[in-house]
Amino acid sequence: MDTRDLIDEMTAYYDRRVPWHDEYMSFRSDAEMEILLGPIISLFEQNIRGKEVMEIACGTGNWTQVLAKRARLVVATDVNSSAIAAAKRKPLASGNVVFEVADAYSLESMNRVFDVVFAADWWSHVPRSALPKFLGGVHCLLRAGGQAIFLDMMMKEGFAQEKAYFDDEGNRVSIRALPDGGRFHVIKNFPTEGELREALSPFADDIFYYEHDGLRRWLLTGTHK
Ligand SMILES: C[S@@+](CC[C@H](N)C(=O)[O-])C[C@H]1O[C@@H](n2cnc3c(N)ncnc32)[C@H](O)[C@@H]1O
């Protein structure tokens, strides 16, 4: 399968996974998420407070709820309208969220700029060869001094047990099944701190990296160059 096909297969997988996504992610409620992921949220919440935030690959809107409570405006985007529909069903008290369908590989066509671009559990799905295109798009969306915030997962037991292989460009591709019988080849990379810094450095200064070992998550931030 070539890289373009893997990008499309990942998109198709998450479209079909919407009914089970929150359960798979253990996202039971906004309140539980705030407690569980509080140690990570506290690291970036000051960076989004009162800001205009663009969220990439918002999925079913769990992080959108976290952002909406702190930001002035959130434009929450995903390429799958099924995910956006599920996100719209989540309670959002603040009335400051706009949902839009948008492809993370065509961000430059949005013709808008934000204070912050945020993406959770997305970087790991981007093929290594597509990172410059994706990060170039993020750069286009940030106003001068704006910040990119990425959160994602570190390798943990469930992933280590998945059937997976490495493709020609070094992407880790896992073979995933859904309860409806669907079977998909999904890129799920676990980049090192050095790889993350190297990929972001053409686009950002003041790069900050943090790992929370207990939560098996990393956080990467950088300021628009
Ligand atoms: C691992 S989920 C993360 C969702 C959400 N951020 C979360 O943490 O629950 C990946 C998301 O990427 C979305 N996606 C897949 N391909 C995409 C693309 N090309 N552009 C934007 N979003 C995409 C999927 O629809 C899915 O919602």
# chains A, B, ... in the order shown; residues from 1 in each chain; ligands from 1

$ residues_around --residues "Ala144 (chain A)" --least-positions-apart "6" --cutoff "9 Å" --atoms "only C-alpha atoms" --output "PyMOL selection string"
chain A and resi 115+223-225

$ residues_near_ligand --ligand "ligand 1" --cutoff "8 Å" --atoms "only C-alpha atoms and all ligand atoms" --output "JSON list (two decimals) with N, CA and C atoms, in the first residue's frame"
[["chain", "number", "residue", "atom", "x", "y", "z"],
["A", 7, "ILE", "N", -2.96, 7.11, 3.82],
["A", 7, "ILE", "CA", -3.65, 8.32, 4.32],
["A", 7, "ILE", "C", -5.17, 8.10, 4.19],
["A", 8, "ASP", "N", -5.60, 7.62, 3.03],
["A", 8, "ASP", "CA", -7.04, 7.42, 2.80],
["A", 8, "ASP", "C", -7.60, 6.33, 3.70],
["A", 10, "MET", "N", -6.56, 5.50, 6.69],
["A", 10, "MET", "CA", -6.68, 6.02, 8.05],
["A", 10, "MET", "C", -7.97, 6.83, 8.18],
["A", 11, "THR", "N", -8.22, 7.67, 7.16],
["A", 11, "THR", "CA", -9.44, 8.50, 7.18],
["A", 11, "THR", "C", -10.69, 7.60, 7.20],
["A", 12, "ALA", "N", -10.67, 6.57, 6.37],
["A", 12, "ALA", "CA", -11.82, 5.66, 6.30],
["A", 12, "ALA", "C", -12.01, 4.90, 7.62],
["A", 13, "TYR", "N", -10.89, 4.52, 8.24],
["A", 13, "TYR", "CA", -10.95, 3.81, 9.53],
["A", 13, "TYR", "C", -11.65, 4.69, 10.58],
["A", 14, "TYR", "N", -11.23, 5.96, 10.67],
["A", 14, "TYR", "CA", -11.82, 6.81, 11.71],
["A", 14, "TYR", "C", -13.26, 7.20, 11.39],
["A", 15, "ASP", "N", -13.62, 7.21, 10.13],
["A", 15, "ASP", "CA", -15.03, 7.44, 9.77],
["A", 15, "ASP", "C", -15.87, 6.29, 10.33],
["A", 18, "VAL", "N", -16.28, 5.99, 14.44],
["A", 18, "VAL", "CA", -16.97, 7.01, 15.25],
["A", 18, "VAL", "C", -17.85, 6.41, 16.36],
["A", 21, "HIS", "N", -15.45, 5.29, 19.10],
["A", 21, "HIS", "CA", -14.22, 6.06, 19.37],
["A", 21, "HIS", "C", -14.06, 6.45, 20.84],
["A", 22, "ASP", "N", -15.10, 7.01, 21.43],
["A", 22, "ASP", "CA", -14.96, 7.50, 22.81],
["A", 22, "ASP", "C", -14.67, 6.34, 23.77],
["A", 25, "MET", "N", -11.12, 5.27, 23.48],
["A", 25, "MET", "CA", -10.20, 6.25, 24.05],
["A", 25, "MET", "C", -10.40, 6.42, 25.56],
["A", 56, "ILE", "N", -7.27, 20.83, 14.79],
["A", 56, "ILE", "CA", -7.18, 19.92, 13.64],
["A", 56, "ILE", "C", -7.57, 18.52, 14.11],
["A", 57, "ALA", "N", -8.30, 17.80, 13.26],
["A", 57, "ALA", "CA", -8.69, 16.40, 13.55],
["A", 57, "ALA", "C", -9.36, 16.30, 14.93],
["A", 58, "CYS", "N", -10.44, 17.08, 15.06],
["A", 58, "CYS", "CA", -11.12, 17.16, 16.38],
["A", 58, "CYS", "C", -11.86, 15.88, 16.72],
["A", 59, "GLY", "N", -12.10, 15.02, 15.74],
["A", 59, "GLY", "CA", -12.78, 13.75, 16.02],
["A", 59, "GLY", "C", -14.14, 14.01, 16.66],
["A", 60, "THR", "N", -14.46, 13.24, 17.70],
["A", 60, "THR", "CA", -15.78, 13.34, 18.32],
["A", 60, "THR", "C", -15.85, 14.47, 19.35],
["A", 61, "GLY", "N", -14.85, 15.34, 19.39],
["A", 61, "GLY", "CA", -14.96, 16.60, 20.13],
["A", 61, "GLY", "C", -14.56, 16.58, 21.59],
["A", 62, "ASN", "N", -13.84, 15.56, 22.01],
["A", 62, "ASN", "CA", -13.47, 15.51, 23.43],
["A", 62, "ASN", "C", -12.50, 16.62, 23.81],
["A", 63, "TRP", "N", -11.48, 16.81, 22.97],
["A", 63, "TRP", "CA", -10.56, 17.91, 23.25],
["A", 63, "TRP", "C", -11.19, 19.25, 22.95],
["A", 77, "THR", "N", -12.06, 21.29, 13.50],
["A", 77, "THR", "CA", -12.16, 20.73, 12.15],
["A", 77, "THR", "C", -11.80, 19.24, 12.14],
["A", 78, "ASP", "N", -12.36, 18.56, 11.17],
["A", 78, "ASP", "CA", -12.03, 17.16, 10.93],
["A", 78, "ASP", "C", -12.42, 16.88, 9.48],
["A", 79, "VAL", "N", -11.75, 15.93, 8.86],
["A", 79, "VAL", "CA", -12.09, 15.63, 7.47],
["A", 79, "VAL", "C", -13.36, 14.78, 7.38],
["A", 80, "ASN", "N", -13.69, 14.08, 8.46],
["A", 80, "ASN", "CA", -14.86, 13.19, 8.45],
["A", 80, "ASN", "C", -16.08, 13.90, 9.04],
["A", 81, "SER", "N", -17.12, 14.07, 8.22],
["A", 81, "SER", "CA", -18.32, 14.75, 8.73],
["A", 81, "SER", "C", -19.02, 13.89, 9.78],
["A", 82, "SER", "N", -18.78, 12.56, 9.75],
["A", 82, "SER", "CA", -19.36, 11.67, 10.78],
["A", 82, "SER", "C", -18.81, 12.04, 12.16],
["A", 83, "ALA", "N", -17.52, 12.36, 12.21],
["A", 83, "ALA", "CA", -16.90, 12.74, 13.49],
["A", 83, "ALA", "C", -17.44, 14.09, 13.95],
["A", 101, "VAL", "N", -15.69, 21.05, 8.27],
["A", 101, "VAL", "CA", -14.97, 19.93, 7.66],
["A", 101, "VAL", "C", -13.72, 20.49, 7.00],
["A", 102, "ALA", "N", -12.54, 19.94, 7.36],
["A", 102, "ALA", "CA", -11.29, 20.42, 6.72],
["A", 102, "ALA", "C", -10.27, 19.30, 6.73],
["A", 103, "ASP", "N", -9.49, 19.27, 5.65],
["A", 103, "ASP", "CA", -8.46, 18.24, 5.48],
["A", 103, "ASP", "C", -7.13, 18.78, 6.03],
["A", 104, "ALA", "N", -6.53, 18.04, 6.93],
["A", 104, "ALA", "CA", -5.28, 18.48, 7.57],
["A", 104, "ALA", "C", -4.12, 18.59, 6.58],
["A", 105, "TYR", "N", -4.31, 18.05, 5.37],
["A", 105, "TYR", "CA", -3.26, 18.17, 4.37],
["A", 105, "TYR", "C", -3.52, 19.32, 3.38],
["A", 119, "ALA", "N", -3.63, 20.09, 17.89],
["A", 119, "ALA", "CA", -4.03, 18.77, 17.37],
["A", 119, "ALA", "C", -3.66, 17.69, 18.40],
["A", 120, "ALA", "N", -4.64, 16.90, 18.78],
["A", 120, "ALA", "CA", -4.41, 15.80, 19.73],
["A", 120, "ALA", "C", -4.54, 14.47, 19.00],
["A", 121, "ASP", "N", -3.61, 13.59, 19.25],
["A", 121, "ASP", "CA", -3.63, 12.23, 18.70],
["A", 121, "ASP", "C", -3.76, 12.24, 17.17],
["A", 122, "TRP", "N", -3.08, 13.17, 16.57],
["A", 122, "TRP", "CA", -3.09, 13.28, 15.11],
["A", 122, "TRP", "C", -1.70, 13.07, 14.51],
["A", 125, "HIS", "N", -0.45, 9.79, 13.26],
["A", 125, "HIS", "CA", -1.08, 9.20, 12.06],
["A", 125, "HIS", "C", -0.56, 9.81, 10.76]]

$ atom_distance --atom1 "CA of Asp5 (chain A)" --atom2 "CA of Arg183 (chain A)"
14.2 Å

$ closest_residue --among "A:Glu55, A:Glu108, A:Asp152, A:Asp213" --to "Pro191 (chain A)" --atoms "only C-alpha atoms"
A:Asp152

$ select_by_dssp --residues "region 54-156 of chain A" --states "strand (DSSP E)" --output "JSON, numbers by chain"
{"A": [54, 55, 56, 73, 74, 75, 76, 77, 78, 97, 98, 99, 100, 101, 114, 115, 116, 117, 118, 119, 120, 142, 143, 144, 145, 146, 147, 148, 149, 150, 151, 152, 153]}

$ write_last_selection --atoms "N, CA and C atoms" --output "compact mmCIF listing (two decimals), in the first residue's frame"
# COMPACT_ATOMS: atom_id res chain seq x y z
N MET A 54 -7.53 27.04 16.43
CA MET A 54 -7.97 26.13 15.35
C MET A 54 -7.59 24.72 15.79
N GLU A 55 -8.57 23.84 15.87
CA GLU A 55 -8.29 22.44 16.23
C GLU A 55 -8.34 21.57 14.99
N ILE A 56 -7.27 20.83 14.79
CA ILE A 56 -7.18 19.92 13.64
C ILE A 56 -7.57 18.52 14.11
N LEU A 73 -12.36 31.55 21.05
CA LEU A 73 -13.04 30.96 19.90
C LEU A 73 -12.31 29.68 19.53
N VAL A 74 -13.08 28.64 19.19
CA VAL A 74 -12.47 27.40 18.70
C VAL A 74 -13.10 27.07 17.34
N VAL A 75 -12.26 26.95 16.33
CA VAL A 75 -12.72 26.41 15.05
C VAL A 75 -12.24 24.96 15.04
N ALA A 76 -13.18 24.06 15.23
CA ALA A 76 -12.85 22.63 15.37
C ALA A 76 -13.09 21.94 14.03
N THR A 77 -12.06 21.29 13.50
CA THR A 77 -12.16 20.73 12.15
C THR A 77 -11.80 19.24 12.14
N ASP A 78 -12.36 18.56 11.17
CA ASP A 78 -12.03 17.16 10.93
C ASP A 78 -12.42 16.88 9.48
N VAL A 97 -17.78 27.72 19.76
CA VAL A 97 -17.17 26.71 18.89
C VAL A 97 -17.87 26.69 17.54
N VAL A 98 -17.06 26.70 16.50
CA VAL A 98 -17.58 26.54 15.13
C VAL A 98 -16.96 25.26 14.59
N PHE A 99 -17.78 24.37 14.04
CA PHE A 99 -17.25 23.13 13.46
C PHE A 99 -17.19 23.26 11.94
N GLU A 100 -16.11 22.76 11.37
CA GLU A 100 -15.96 22.80 9.91
C GLU A 100 -15.29 21.52 9.44
N VAL A 101 -15.69 21.05 8.27
CA VAL A 101 -14.97 19.93 7.66
C VAL A 101 -13.72 20.49 7.00
N PHE A 114 -4.83 32.13 13.10
CA PHE A 114 -5.25 31.91 14.49
C PHE A 114 -4.07 32.20 15.43
N ASP A 115 -4.41 32.32 16.73
CA ASP A 115 -3.35 32.46 17.75
C ASP A 115 -2.70 31.11 18.03
N VAL A 116 -3.53 30.05 17.96
CA VAL A 116 -3.06 28.72 18.34
C VAL A 116 -3.63 27.70 17.36
N VAL A 117 -2.80 26.75 16.96
CA VAL A 117 -3.29 25.56 16.24
C VAL A 117 -3.02 24.37 17.14
N PHE A 118 -4.05 23.56 17.33
CA PHE A 118 -3.98 22.45 18.30
C PHE A 118 -4.36 21.15 17.60
N ALA A 119 -3.63 20.09 17.89
CA ALA A 119 -4.03 18.77 17.37
C ALA A 119 -3.66 17.69 18.40
N ALA A 120 -4.64 16.90 18.78
CA ALA A 120 -4.41 15.80 19.73
C ALA A 120 -4.54 14.47 19.00
N LEU A 142 -1.04 30.13 11.36
CA LEU A 142 -0.67 30.86 12.58
C LEU A 142 -0.29 32.29 12.28
N ARG A 143 -0.81 33.21 13.09
CA ARG A 143 -0.35 34.60 12.94
C ARG A 143 1.02 34.71 13.61
N ALA A 144 1.72 35.81 13.35
CA ALA A 144 3.06 35.99 13.93
C ALA A 144 2.98 35.81 15.45
N GLY A 145 3.87 35.04 15.99
CA GLY A 145 3.88 34.81 17.44
C GLY A 145 2.91 33.73 17.89
N GLY A 146 2.13 33.19 16.94
CA GLY A 146 1.16 32.15 17.28
C GLY A 146 1.86 30.85 17.64
N GLN A 147 1.09 29.96 18.25
CA GLN A 147 1.70 28.74 18.78
C GLN A 147 1.01 27.47 18.26
N ALA A 148 1.82 26.48 17.93
CA ALA A 148 1.30 25.16 17.59
C ALA A 148 1.42 24.27 18.82
N ILE A 149 0.36 23.52 19.10
CA ILE A 149 0.36 22.61 20.26
C ILE A 149 -0.05 21.23 19.77
N PHE A 150 0.82 20.26 19.97
CA PHE A 150 0.53 18.88 19.57
C PHE A 150 0.61 17.98 20.79
N LEU A 151 -0.36 17.09 20.89
CA LEU A 151 -0.36 16.09 21.96
C LEU A 151 -0.49 14.74 21.31
N ASP A 152 0.18 13.76 21.85
CA ASP A 152 -0.03 12.42 21.28
C ASP A 152 0.43 11.36 22.28
N MET A 153 0.40 10.14 21.81
CA MET A 153 0.64 9.01 22.71
C MET A 153 2.04 8.44 22.56
